[in-house]
2 protein chains.
Amino acid sequence: MKLIANPLRESWSEILKRPTLDKLDLDALVQGVFDAVKSEGDKAVIEYTEKFDKVSLTNISVSESEISEGVALVSDELKDAIQLAKKNIETFHSSQKIEKKLIETAPGVECWQESRGIEKVGIYIPGGSAPLFSTVLMLAVPAKLGGCQEVVLCSPPNKEGKLHPAILYAAKLCGVTKIFKVGGIQAIGAMTFGTESVPNVYKIFGPGNQFVTAAKQVALSKGIAIDMPAGPSELLVLADETANATFVASDLLSQAEHGADSQVICVSNSESFLQEVSEEVVKQLLVLPRKEIAEKAIENSKSILLRDKEDIIDLINEYGPEHFILAVDNEDFYLNNIVNAGSVFIGNYTPESAGDYASGTNHTLPTDGFSKSYSGVNLDAFVKKITFQRISKKGIKNIGNAIELMADAEGLQAHKTAVTLRLNELKEDEGGI
Amino acid sequence: MKLIANPLRESWSEILKRPTLDKLDLDALVQGVFDAVKSEGDKAVIEYTEKFDKVSLTNISVSESEISEGVALVSDELKDAIQLAKKNIETFHSSQKIEKKLIETAPGVECWQESRGIEKVGIYIPGGSAPLFSTVLMLAVPAKLGGCQEVVLCSPPNKEGKLHPAILYAAKLCGVTKIFKVGGIQAIGAMTFGTESVPNVYKIFGPGNQFVTAAKQVALSKGIAIDMPAGPSELLVLADETANATFVASDLLSQAEHGADSQVICVSNSESFLQEVSEEVVKQLLVLPRKEIAEKAIENSKSILLRDKEDIIDLINEYGPEHFILAVDNEDFYLNNIVNAGSVFIGNYTPESAGDYASGTNHTLPTDGFSKSYSGVNLDAFVKKITFQRISKKGIKNIGNAIELMADAEGLQAHKTAVTLRLNELKEDEGGI
């Protein structure tokens with residue numbers, strides 16, 4: 001890892017730059033696939049699956065018997081692990097429910113919020129090198145808790161035209177309502193427009209490669225909500241001499257193995273600690289199956305030496321890491337002052353992989369600095385909060401005049417009249433007319 | 001208003017179609033302005049203000065003395081009204097704050113959420129026919145409550161190169177940190193990239209015409225978050241014989257006066273009531289200053305007669321109105337079953353204009369059916385909810401094995417190792433090594 005000692009503030013933005021892959025201009029490709037899916041439905045989806053995934057399917061729906069077959073292939077101990085993770089995710093996301101709180105903003109003026117599940121949501125689960133069944137838990141569990149009625153899952157089939165058994169098990173366990181063996185642009189297109197098999201949805205969640213990401217952006221421009229903009233995963237560790245260099249190295253590598261474009265940063269006030277972490281990274285890297293991927297990510301990684309705690313927190317907030325591990329003695333200072341981060345992991349026994357799988361927090365988090373403006377996925381993402389208000393006769397007498405004045409000043413007379421007519425009627429009532 | 005009696009379900013989607021204005025393709029125009037603002041900053045902003053708004057400015061910043069001058073021009077009674085509205089908006093939005101709830105998802109595994117204000121937000125306030133100072137309240141109040149540090153306001157100057165006094169008063173009252181006399185595409189561009197005067201922001205809020213809407217979409221594609229997609233305003237009233245036809249007509253007109261493309265729908269189980277409302281609309285329309293606008297909107301409006309309550313709620317949920325006034329006897333059925341709406345107004349003394357100005361709820365709401373997937377603006381929109389977790393030695397022993405199994409099954413060995421190393425260390429501790 002490249003050591004950067006005491007960088008000046010002016011150099012931070014350069015140092016903190018995310019690695020950028022050449023971004024292909026995929027708009028025309030996406031538009032072509034979307035047009036075909038819109039006009040030809042399942043037929044187009046099947047053709048593109050053949051073209052892009054090299055698999056011939058007659059039916060893109062996953063049948064109950066396919067699900068049962070898959071479920072039978074998952075070991076009991078993995079099932080237990082998935083159930084434990086599900087329970088913890090449920091516990092944490094349940095705590096995010098809003099209670100109906102009736103607020104009397106003025107006498108006779110009652111306002112409140114209620115949440116309603118987005119009726120139809122789509123979950124995209126990548127296939128490829130890692131079958132991300134954990135993402136099924138992270139998206140389907142809050143979808144059900146939030147009250148979503150239709151939870152559609154799309155994931156690309158493998159060469160045998162099947163989905164990974166653990167994906168099927170997790171989907172079944174979490175109450176996904178429909179499962180499809182469709183990936184890539186055609187999956188996002190199918191959930192955008194609907195086909196004979198795939199329902200259209202109102203919001204699409206989930207990670208994906210460049211094609212999926214581009215397709216989600218096009219879906220967004222067509223009125224489908226999406227969870228958040230996506231970028232390569234990233235981790236920033238802040239550690240001092242009280243931390244464990246072996247653990248820190250393992251955390252950096254667990255981020256690095258995601259992809260060659262993953263970014264890992266280690267910040268410390270101790271040069272010898274950074275040195276130790278660097279050596280541990282080299283050592284642990286050797287035995288990783290995904291060594292080649294992790295190695296590339298580590299090439300882009302940075303060890304930053306900074307002494308002053310104000311400098312440190314400013315640098316971290318300027319970066320806005322997706323994952324932030326905090327393993328220092330004076331953690332309170334950083335906890336109180338962190339503003340831009342997706343998820344924070346505190347202490348020596350809180351690896352990022354805990355949050356990726358089983359602690360209960362969500363692993364769908366803002367990357368690429370989007371923690372400055374976006375929350376990670378949480379229960380809010382699956383619901384709409386509707387406001388309600390009920391105003392009594394007394395209430396409209398209390399606030400009516402203010403509304404009249406403001407509407408008048410904005411030049412919106414009909415807005416004023418709607419109040420005036422009611423106030424006049426109440427005056428007549430009082431007058432006994 | 002056109003009466004549609006007992007429409008069959010097959011015809012609903014046609015009946016409920018929103019009026020569509022010819023949507024100009026503004027992408028090239030927006031891109032040109034954005035490029036200029038990005039490279040030339042204030043100079044370009046001033047040039048476009050001259051070109052589009054026909055006003056020559058030397059300074060786009062609103063000075064303290066300009067603010068004081070404006071504030072002095074606002075009448076005391078309007079100031080009182082604005083203060084009352086501000087207090088109610090504050091009361092209601094304060095109630096949306098999340099408490100820090102520490103959740104122990106498993107023994108030794110503590111997770112919680114904390115909210116942090118988005119550090120820099122931008123508020124766009126349209127000028128034109130109506131000076132929407134009420135929107136300043138609706139956006140700046142929750143921005144301050146949410147903890148946003150920089151709250152930038154942009155609004156187009158009038159022919160004298162000034163902003164409306166009530167906009168300046170509301171901005172000052174609500175703690176807007178910087179005010180600029182800039183509108184249109186150049187305002188959105190300035191907040192996207194930053195100029196010598198205008199800070200760049202992380203999220204842009206506020207309504208606007210087609211140009212502003214298109215510019216916000218381009219800003220979104222450049223990584224700036226936005227509040228929600230925008231469309232013409234709309235109202236659906238559900239009323240029965242217990243409602244007051246005069247009041248209902250005034251509510252429909254208060255929506256209709258927003259713009260020729262506004263949509264108003266009245267649903268009832270009583271044909272005579274719908275007839276009465278229609279006659280009242282014609283009567284009240286005559287005296288409105290914005291008669292011509294409202295008349296056009298009323299031409300597109302619909303009176304829908306439906307008897308069955310299940311049909312009625314299904315139709316309303318299929319439409320997903322921005323504003324929904326509910327003035328019926330059996331209101332509970334509809335309150336329990338409404339899923340898609342921005343804001344709900346209950347009873348005969350709850351005009352939509354109450355929510356537009358002073359009851360305390362937000363008036364920035366999803367239009368064009370986006371209530372199916374978006375909440376209206378609320379406190380959530382100004383904050384990020386960050387997750388935190390702290391796992392003890394006991395905690396990692398409890399969930400560590402599940403993480404190892406899941407990481408292994410996903411083929412992510414480094415994720416597993418990060419846990420294994422910790423578990424091994426704890427085993428050694430126990431063994432007294």
# chains A, B, ... in the order shown; residues from 1 in each chain; ligands from 1
>>> residues_around(residues="B:Val109", least_positions_apart="6", cutoff="7 Å", atoms="only C-alpha atoms", output="ChimeraX atom specification")
/A:359 /B:390-392,395
>>> select_by_dssp(residues="stretch 160-391 of chain A", states="strand (DSSP E or B)", output="compact mmCIF listing (two decimals) with all heavy atoms, in the first residue's frame")
# COMPACT_ATOMS: atom_id res chain seq x y z
N LYS A 178 -42.23 -13.36 -6.87
CA LYS A 178 -41.98 -13.92 -8.22
C LYS A 178 -40.49 -13.91 -8.51
O LYS A 178 -39.82 -12.89 -8.29
CB LYS A 178 -42.71 -13.11 -9.29
CG LYS A 178 -44.23 -13.21 -9.23
CD LYS A 178 -44.86 -12.81 -10.58
CE LYS A 178 -46.36 -13.04 -10.57
NZ LYS A 178 -47.11 -11.96 -9.89
N ILE A 179 -39.99 -15.02 -9.04
CA ILE A 179 -38.56 -15.13 -9.33
C ILE A 179 -38.36 -15.38 -10.83
O ILE A 179 -39.02 -16.26 -11.40
CB ILE A 179 -37.91 -16.29 -8.53
CG1 ILE A 179 -38.26 -16.18 -7.04
CG2 ILE A 179 -36.40 -16.32 -8.73
CD1 ILE A 179 -37.78 -17.38 -6.21
N PHE A 180 -37.45 -14.62 -11.44
CA PHE A 180 -37.18 -14.80 -12.86
C PHE A 180 -35.70 -15.03 -13.13
O PHE A 180 -34.84 -14.41 -12.50
CB PHE A 180 -37.66 -13.57 -13.64
CG PHE A 180 -39.14 -13.37 -13.53
CD1 PHE A 180 -39.65 -12.49 -12.59
CD2 PHE A 180 -40.00 -14.10 -14.32
CE1 PHE A 180 -41.03 -12.32 -12.45
CE2 PHE A 180 -41.39 -13.94 -14.19
CZ PHE A 180 -41.89 -13.05 -13.26
N LYS A 203 -40.28 0.53 -8.33
CA LYS A 203 -38.94 0.88 -7.87
C LYS A 203 -38.03 -0.34 -8.02
O LYS A 203 -38.46 -1.45 -7.72
CB LYS A 203 -38.99 1.34 -6.40
CG LYS A 203 -37.68 1.90 -5.87
CD LYS A 203 -37.86 2.64 -4.54
CE LYS A 203 -36.56 3.29 -4.07
NZ LYS A 203 -36.75 4.07 -2.81
N ILE A 204 -36.82 -0.10 -8.48
CA ILE A 204 -35.86 -1.19 -8.71
C ILE A 204 -34.66 -1.02 -7.79
O ILE A 204 -34.07 0.06 -7.70
CB ILE A 204 -35.41 -1.24 -10.18
CG1 ILE A 204 -36.61 -1.51 -11.10
CG2 ILE A 204 -34.34 -2.32 -10.38
CD1 ILE A 204 -36.29 -1.43 -12.59
N PHE A 205 -34.30 -2.09 -7.09
CA PHE A 205 -33.19 -2.11 -6.15
C PHE A 205 -32.12 -3.09 -6.62
O PHE A 205 -32.41 -4.04 -7.34
CB PHE A 205 -33.66 -2.61 -4.78
CG PHE A 205 -34.64 -1.71 -4.08
CD1 PHE A 205 -35.98 -1.75 -4.42
CD2 PHE A 205 -34.23 -0.85 -3.08
CE1 PHE A 205 -36.90 -0.92 -3.77
CE2 PHE A 205 -35.14 -0.02 -2.42
CZ PHE A 205 -36.48 -0.06 -2.77
N ALA A 225 -38.50 4.55 -10.00
CA ALA A 225 -37.56 4.95 -8.96
C ALA A 225 -36.47 3.89 -8.83
O ALA A 225 -36.68 2.72 -9.15
CB ALA A 225 -38.30 5.12 -7.62
N ILE A 226 -35.28 4.30 -8.39
CA ILE A 226 -34.21 3.33 -8.12
C ILE A 226 -33.66 3.61 -6.73
O ILE A 226 -33.90 4.66 -6.15
CB ILE A 226 -33.08 3.37 -9.18
CG1 ILE A 226 -32.34 4.71 -9.15
CG2 ILE A 226 -33.64 3.10 -10.56
CD1 ILE A 226 -31.06 4.72 -10.00
N GLU A 234 -16.19 0.40 -1.48
CA GLU A 234 -15.03 1.06 -0.88
C GLU A 234 -15.06 1.00 0.65
O GLU A 234 -16.11 0.89 1.26
CB GLU A 234 -14.97 2.53 -1.33
CG GLU A 234 -16.25 3.27 -0.98
CD GLU A 234 -16.50 4.52 -1.81
OE1 GLU A 234 -16.08 4.59 -2.97
OE2 GLU A 234 -17.16 5.43 -1.28
N LEU A 235 -13.87 1.08 1.22
CA LEU A 235 -13.73 1.00 2.67
C LEU A 235 -12.64 1.96 3.11
O LEU A 235 -11.57 2.03 2.50
CB LEU A 235 -13.32 -0.42 3.08
CG LEU A 235 -12.84 -0.63 4.51
CD1 LEU A 235 -13.97 -0.43 5.53
CD2 LEU A 235 -12.24 -2.03 4.68
N LEU A 236 -12.92 2.69 4.17
CA LEU A 236 -11.88 3.48 4.82
C LEU A 236 -11.77 3.00 6.26
O LEU A 236 -12.77 2.92 6.98
CB LEU A 236 -12.21 4.97 4.76
CG LEU A 236 -11.12 5.91 5.31
CD1 LEU A 236 -11.09 7.23 4.54
CD2 LEU A 236 -11.28 6.20 6.80
N VAL A 237 -10.56 2.64 6.66
CA VAL A 237 -10.30 2.24 8.04
C VAL A 237 -9.51 3.35 8.72
O VAL A 237 -8.50 3.82 8.18
CB VAL A 237 -9.49 0.94 8.11
CG1 VAL A 237 -9.20 0.55 9.57
CG2 VAL A 237 -10.21 -0.20 7.40
N LEU A 238 -9.98 3.77 9.88
CA LEU A 238 -9.19 4.66 10.72
C LEU A 238 -8.76 3.87 11.94
O LEU A 238 -9.61 3.36 12.68
CB LEU A 238 -10.01 5.89 11.15
CG LEU A 238 -9.33 6.79 12.17
CD1 LEU A 238 -8.06 7.44 11.60
CD2 LEU A 238 -10.28 7.89 12.67
N ALA A 239 -7.45 3.75 12.12
CA ALA A 239 -6.96 2.90 13.20
C ALA A 239 -5.74 3.54 13.86
O ALA A 239 -4.98 4.26 13.22
CB ALA A 239 -6.58 1.52 12.64
N GLN A 263 -12.01 0.32 -3.75
CA GLN A 263 -11.01 1.19 -3.19
C GLN A 263 -10.90 0.99 -1.68
O GLN A 263 -11.90 0.96 -0.96
CB GLN A 263 -11.33 2.66 -3.48
CG GLN A 263 -10.21 3.58 -2.99
CD GLN A 263 -10.30 4.98 -3.53
OE1 GLN A 263 -11.39 5.47 -3.79
NE2 GLN A 263 -9.18 5.64 -3.70
N VAL A 264 -9.66 0.86 -1.20
CA VAL A 264 -9.44 0.74 0.24
C VAL A 264 -8.43 1.80 0.69
O VAL A 264 -7.43 2.06 0.03
CB VAL A 264 -8.97 -0.67 0.65
CG1 VAL A 264 -10.03 -1.71 0.32
CG2 VAL A 264 -7.66 -1.04 0.02
N ILE A 265 -8.75 2.41 1.80
CA ILE A 265 -7.91 3.46 2.37
C ILE A 265 -7.71 3.17 3.85
O ILE A 265 -8.66 2.81 4.54
CB ILE A 265 -8.58 4.84 2.21
CG1 ILE A 265 -8.75 5.18 0.72
CG2 ILE A 265 -7.79 5.94 2.93
CD1 ILE A 265 -9.42 6.52 0.45
N CYS A 266 -6.48 3.28 4.30
CA CYS A 266 -6.22 3.13 5.72
C CYS A 266 -5.61 4.43 6.23
O CYS A 266 -4.63 4.93 5.68
CB CYS A 266 -5.27 1.96 5.97
SG CYS A 266 -5.08 1.58 7.72
N VAL A 267 -6.22 4.99 7.26
CA VAL A 267 -5.72 6.24 7.84
C VAL A 267 -5.27 5.94 9.26
O VAL A 267 -5.95 5.22 10.00
CB VAL A 267 -6.83 7.33 7.87
CG1 VAL A 267 -6.28 8.63 8.44
CG2 VAL A 267 -7.42 7.54 6.48
N SER A 268 -4.11 6.48 9.62
CA SER A 268 -3.64 6.28 11.00
C SER A 268 -2.76 7.44 11.41
O SER A 268 -2.21 8.15 10.57
CB SER A 268 -2.87 4.96 11.11
OG SER A 268 -2.45 4.76 12.45
N LYS A 302 -4.53 3.23 -0.49
CA LYS A 302 -3.69 4.26 0.11
C LYS A 302 -3.59 4.11 1.62
O LYS A 302 -4.58 3.86 2.28
CB LYS A 302 -4.28 5.65 -0.20
CG LYS A 302 -3.83 6.17 -1.54
CD LYS A 302 -4.95 6.80 -2.30
CE LYS A 302 -4.53 7.01 -3.76
NZ LYS A 302 -5.67 7.31 -4.61
N SER A 303 -2.36 4.31 2.13
CA SER A 303 -2.14 4.44 3.56
C SER A 303 -1.87 5.91 3.83
O SER A 303 -0.93 6.47 3.29
CB SER A 303 -0.88 3.68 3.99
OG SER A 303 -1.13 2.31 4.07
N ILE A 304 -2.69 6.51 4.64
CA ILE A 304 -2.52 7.95 4.87
C ILE A 304 -2.15 8.21 6.33
O ILE A 304 -2.87 7.80 7.24
CB ILE A 304 -3.81 8.73 4.50
CG1 ILE A 304 -4.18 8.46 3.02
CG2 ILE A 304 -3.64 10.22 4.75
CD1 ILE A 304 -5.45 9.13 2.55
N LEU A 305 -1.03 8.86 6.50
CA LEU A 305 -0.57 9.22 7.84
C LEU A 305 -1.01 10.65 8.14
O LEU A 305 -0.65 11.58 7.41
CB LEU A 305 0.95 9.11 7.91
CG LEU A 305 1.60 9.49 9.24
CD1 LEU A 305 1.28 8.45 10.32
CD2 LEU A 305 3.12 9.63 9.08
N HIS A 323 -18.11 2.32 3.51
CA HIS A 323 -17.88 1.63 4.79
C HIS A 323 -16.77 2.36 5.54
O HIS A 323 -15.74 2.69 4.96
CB HIS A 323 -17.42 0.19 4.57
CG HIS A 323 -18.34 -0.63 3.75
ND1 HIS A 323 -18.13 -0.85 2.40
CD2 HIS A 323 -19.47 -1.30 4.06
CE1 HIS A 323 -19.09 -1.63 1.93
NE2 HIS A 323 -19.93 -1.92 2.91
N PHE A 324 -16.97 2.56 6.84
CA PHE A 324 -15.99 3.25 7.66
C PHE A 324 -15.75 2.44 8.93
O PHE A 324 -16.64 2.30 9.76
CB PHE A 324 -16.51 4.66 7.99
CG PHE A 324 -15.71 5.44 9.00
CD1 PHE A 324 -14.32 5.31 9.09
CD2 PHE A 324 -16.34 6.33 9.86
CE1 PHE A 324 -13.59 6.04 10.03
CE2 PHE A 324 -15.62 7.07 10.80
CZ PHE A 324 -14.24 6.92 10.89
N ILE A 325 -14.56 1.85 9.02
CA ILE A 325 -14.20 1.12 10.23
C ILE A 325 -13.41 2.05 11.14
O ILE A 325 -12.45 2.70 10.70
CB ILE A 325 -13.35 -0.14 9.91
CG1 ILE A 325 -14.21 -1.18 9.18
CG2 ILE A 325 -12.77 -0.75 11.19
CD1 ILE A 325 -13.48 -2.47 8.85
N LEU A 326 -13.82 2.10 12.39
CA LEU A 326 -13.23 3.02 13.36
C LEU A 326 -12.66 2.18 14.50
O LEU A 326 -13.39 1.61 15.29
CB LEU A 326 -14.35 3.94 13.88
CG LEU A 326 -14.00 4.98 14.93
CD1 LEU A 326 -12.98 5.97 14.39
CD2 LEU A 326 -15.28 5.72 15.36
N ALA A 327 -11.32 2.09 14.53
CA ALA A 327 -10.68 1.27 15.57
C ALA A 327 -9.61 2.13 16.24
O ALA A 327 -8.41 1.99 15.98
CB ALA A 327 -10.07 0.01 14.94
N SER A 343 -21.96 3.39 6.37
CA SER A 343 -22.15 2.57 7.57
C SER A 343 -20.84 2.56 8.35
O SER A 343 -19.76 2.51 7.76
CB SER A 343 -22.54 1.14 7.16
OG SER A 343 -23.06 0.42 8.26
N VAL A 344 -20.96 2.65 9.66
CA VAL A 344 -19.79 2.78 10.52
C VAL A 344 -19.63 1.54 11.40
O VAL A 344 -20.61 1.09 12.01
CB VAL A 344 -19.91 4.04 11.42
CG1 VAL A 344 -18.66 4.24 12.26
CG2 VAL A 344 -20.20 5.28 10.57
N PHE A 345 -18.41 1.01 11.43
CA PHE A 345 -18.11 -0.22 12.17
C PHE A 345 -17.12 0.14 13.27
O PHE A 345 -16.03 0.60 12.99
CB PHE A 345 -17.51 -1.27 11.23
CG PHE A 345 -18.42 -1.62 10.09
CD1 PHE A 345 -18.57 -0.76 9.01
CD2 PHE A 345 -19.14 -2.81 10.11
CE1 PHE A 345 -19.43 -1.07 7.95
CE2 PHE A 345 -20.00 -3.12 9.06
CZ PHE A 345 -20.15 -2.26 7.99
N ILE A 346 -17.51 -0.11 14.53
CA ILE A 346 -16.74 0.42 15.64
C ILE A 346 -16.02 -0.68 16.42
O ILE A 346 -16.66 -1.64 16.88
CB ILE A 346 -17.67 1.19 16.61
CG1 ILE A 346 -18.52 2.21 15.83
CG2 ILE A 346 -16.86 1.87 17.71
CD1 ILE A 346 -19.75 2.67 16.58
N VAL A 383 -40.98 2.31 1.43
CA VAL A 383 -42.30 2.86 1.77
C VAL A 383 -42.42 4.29 1.27
O VAL A 383 -41.43 4.94 0.93
CB VAL A 383 -42.54 2.85 3.30
CG1 VAL A 383 -42.40 1.44 3.87
CG2 VAL A 383 -41.61 3.81 4.03
N LYS A 384 -43.61 4.78 1.21
CA LYS A 384 -43.89 6.20 1.04
C LYS A 384 -44.46 6.66 2.36
O LYS A 384 -45.29 5.97 2.96
CB LYS A 384 -44.96 6.44 -0.04
CG LYS A 384 -44.61 6.02 -1.44
CD LYS A 384 -45.08 4.60 -1.80
CE LYS A 384 -46.43 4.21 -1.32
NZ LYS A 384 -47.57 4.79 -2.00
N LYS A 385 -44.04 7.81 2.81
CA LYS A 385 -44.64 8.39 4.01
C LYS A 385 -45.68 9.42 3.56
O LYS A 385 -45.33 10.43 2.97
CB LYS A 385 -43.56 9.02 4.88
CG LYS A 385 -42.61 7.96 5.47
CD LYS A 385 -41.54 8.54 6.37
CE LYS A 385 -40.59 7.42 6.83
NZ LYS A 385 -39.42 7.94 7.56
N ILE A 386 -46.92 9.09 3.79
CA ILE A 386 -48.02 9.97 3.37
C ILE A 386 -48.38 10.88 4.54
O ILE A 386 -48.43 10.42 5.69
CB ILE A 386 -49.25 9.13 2.96
CG1 ILE A 386 -48.88 8.14 1.85
CG2 ILE A 386 -50.40 10.03 2.51
CD1 ILE A 386 -50.05 7.27 1.39
N THR A 387 -48.60 12.15 4.26
CA THR A 387 -49.07 13.04 5.33
C THR A 387 -50.59 13.11 5.30
O THR A 387 -51.21 13.05 4.24
CB THR A 387 -48.50 14.46 5.18
OG1 THR A 387 -48.67 14.91 3.83
CG2 THR A 387 -47.03 14.49 5.51
N PHE A 388 -51.15 13.21 6.49
CA PHE A 388 -52.60 13.33 6.66
C PHE A 388 -52.85 14.57 7.50
O PHE A 388 -52.03 14.91 8.37
CB PHE A 388 -53.17 12.11 7.41
CG PHE A 388 -53.09 10.83 6.63
CD1 PHE A 388 -51.89 10.13 6.53
CD2 PHE A 388 -54.22 10.30 6.01
CE1 PHE A 388 -51.81 8.94 5.80
CE2 PHE A 388 -54.14 9.11 5.30
CZ PHE A 388 -52.94 8.43 5.19
N GLN A 389 -53.98 15.24 7.25
CA GLN A 389 -54.36 16.32 8.16
C GLN A 389 -55.86 16.40 8.27
O GLN A 389 -56.60 16.11 7.35
CB GLN A 389 -53.78 17.66 7.73
CG GLN A 389 -54.19 18.19 6.39
CD GLN A 389 -53.16 19.24 5.93
OE1 GLN A 389 -53.12 20.32 6.46
NE2 GLN A 389 -52.35 18.86 4.96
N ARG A 390 -56.30 16.75 9.48
CA ARG A 390 -57.72 16.93 9.75
C ARG A 390 -57.84 18.24 10.55
O ARG A 390 -57.24 18.39 11.60
CB ARG A 390 -58.25 15.77 10.58
CG ARG A 390 -59.75 15.83 10.82
CD ARG A 390 -60.17 14.93 11.97
NE ARG A 390 -59.79 13.54 11.76
CZ ARG A 390 -60.54 12.64 11.12
NH1 ARG A 390 -61.70 13.00 10.62
NH2 ARG A 390 -60.12 11.39 10.99
N ILE A 391 -58.59 19.16 9.97
CA ILE A 391 -58.73 20.47 10.59
C ILE A 391 -60.18 20.65 11.04
O ILE A 391 -61.11 20.38 10.27
CB ILE A 391 -58.32 21.60 9.61
CG1 ILE A 391 -56.86 21.34 9.14
CG2 ILE A 391 -58.44 22.97 10.25
CD1 ILE A 391 -56.34 22.35 8.13
>>> closest_residue(among="A:Ala44, A:Ser63, A:Tyr169, A:Ile185", to="A:Lys79", atoms="only C-alpha atoms")
A:Tyr169
>>> closest_residue(among="B:Asn300, B:Asn330, B:Ser115, B:Thr177", to="chain A", atoms="only C-alpha atoms")
B:Ser115
>>> atom_distance(atom1="atom CA of A:Glu271", atom2="atom CA of A:Leu252")
17.1 Å
>>> atom_distance(atom1="atom CA of B:Leu286", atom2="atom CA of B:Asp261")
19.1 Å
>>> residues_around(residues="B:Gly400", least_positions_apart="2", cutoff="8 Å", atoms="only C-alpha atoms", output="list of chain:residue names")
A:Ala354, B:Gly395, B:Ile396, B:Lys397, B:Asn398, B:Ala402, B:Ile403, B:Glu404, B:Val419, B:Thr420, B:Leu423
>>> atom_distance(atom1="atom CA of B:Ala81", atom2="atom CA of B:Pro165")
14.6 Å
>>> closest_residue(among="B:Lys51, B:Lys159, B:Arg9, B:Lys97", to="chain A", atoms="only C-alpha atoms")
B:Lys97
>>> select_by_dssp(residues="stretch 237-296 of chain A", states="helix (DSSP H, G or I)", output="number ranges by chain")
A: 245-256, 271-285, 291-296
>>> closest_residue(among="A:His363, A:His93, A:Lys17, A:Arg422", to="chain B", atoms="only C-alpha atoms")
A:Arg422
>>> residues_around(residues="B:Val121", least_positions_apart="4", cutoff="8 Å", atoms="only C-alpha atoms", output="ChimeraX atom specification")
/B:143,148,150-152,201-205,382
>>> decode(residues="stretch 374-399 of chain A", atoms="C-alpha atoms", output="JSON list (two decimals), in the first residue's frame")
[["chain", "number", "residue", "atom", "x", "y", "z"],
["A", 374, "TYR", "CA", -27.91, 9.52, 0.14],
["A", 375, "SER", "CA", -28.69, 7.13, 2.99],
["A", 376, "GLY", "CA", -28.01, 3.47, 2.59],
["A", 377, "VAL", "CA", -31.02, 1.27, 1.91],
["A", 378, "ASN", "CA", -33.24, 1.11, 4.95],
["A", 379, "LEU", "CA", -36.94, 0.66, 5.62],
["A", 380, "ASP", "CA", -37.68, 4.17, 4.28],
["A", 381, "ALA", "CA", -36.58, 3.01, 0.83],
["A", 382, "PHE", "CA", -39.51, 0.59, 0.57],
["A", 383, "VAL", "CA", -42.30, 2.86, 1.77],
["A", 384, "LYS", "CA", -43.89, 6.20, 1.04],
["A", 385, "LYS", "CA", -44.64, 8.39, 4.01],
["A", 386, "ILE", "CA", -48.02, 9.97, 3.37],
["A", 387, "THR", "CA", -49.07, 13.04, 5.33],
["A", 388, "PHE", "CA", -52.60, 13.33, 6.66],
["A", 389, "GLN", "CA", -54.36, 16.32, 8.16],
["A", 390, "ARG", "CA", -57.72, 16.93, 9.75],
["A", 391, "ILE", "CA", -58.73, 20.47, 10.59],
["A", 392, "SER", "CA", -61.72, 21.22, 12.82],
["A", 393, "LYS", "CA", -63.92, 24.30, 12.68],
["A", 394, "LYS", "CA", -61.83, 25.70, 15.50],
["A", 395, "GLY", "CA", -58.68, 24.81, 13.59],
["A", 396, "ILE", "CA", -59.57, 26.63, 10.40],
["A", 397, "LYS", "CA", -60.54, 29.67, 12.48],
["A", 398, "ASN", "CA", -57.07, 29.54, 14.02],
["A", 399, "ILE", "CA", -55.02, 29.33, 10.85]]
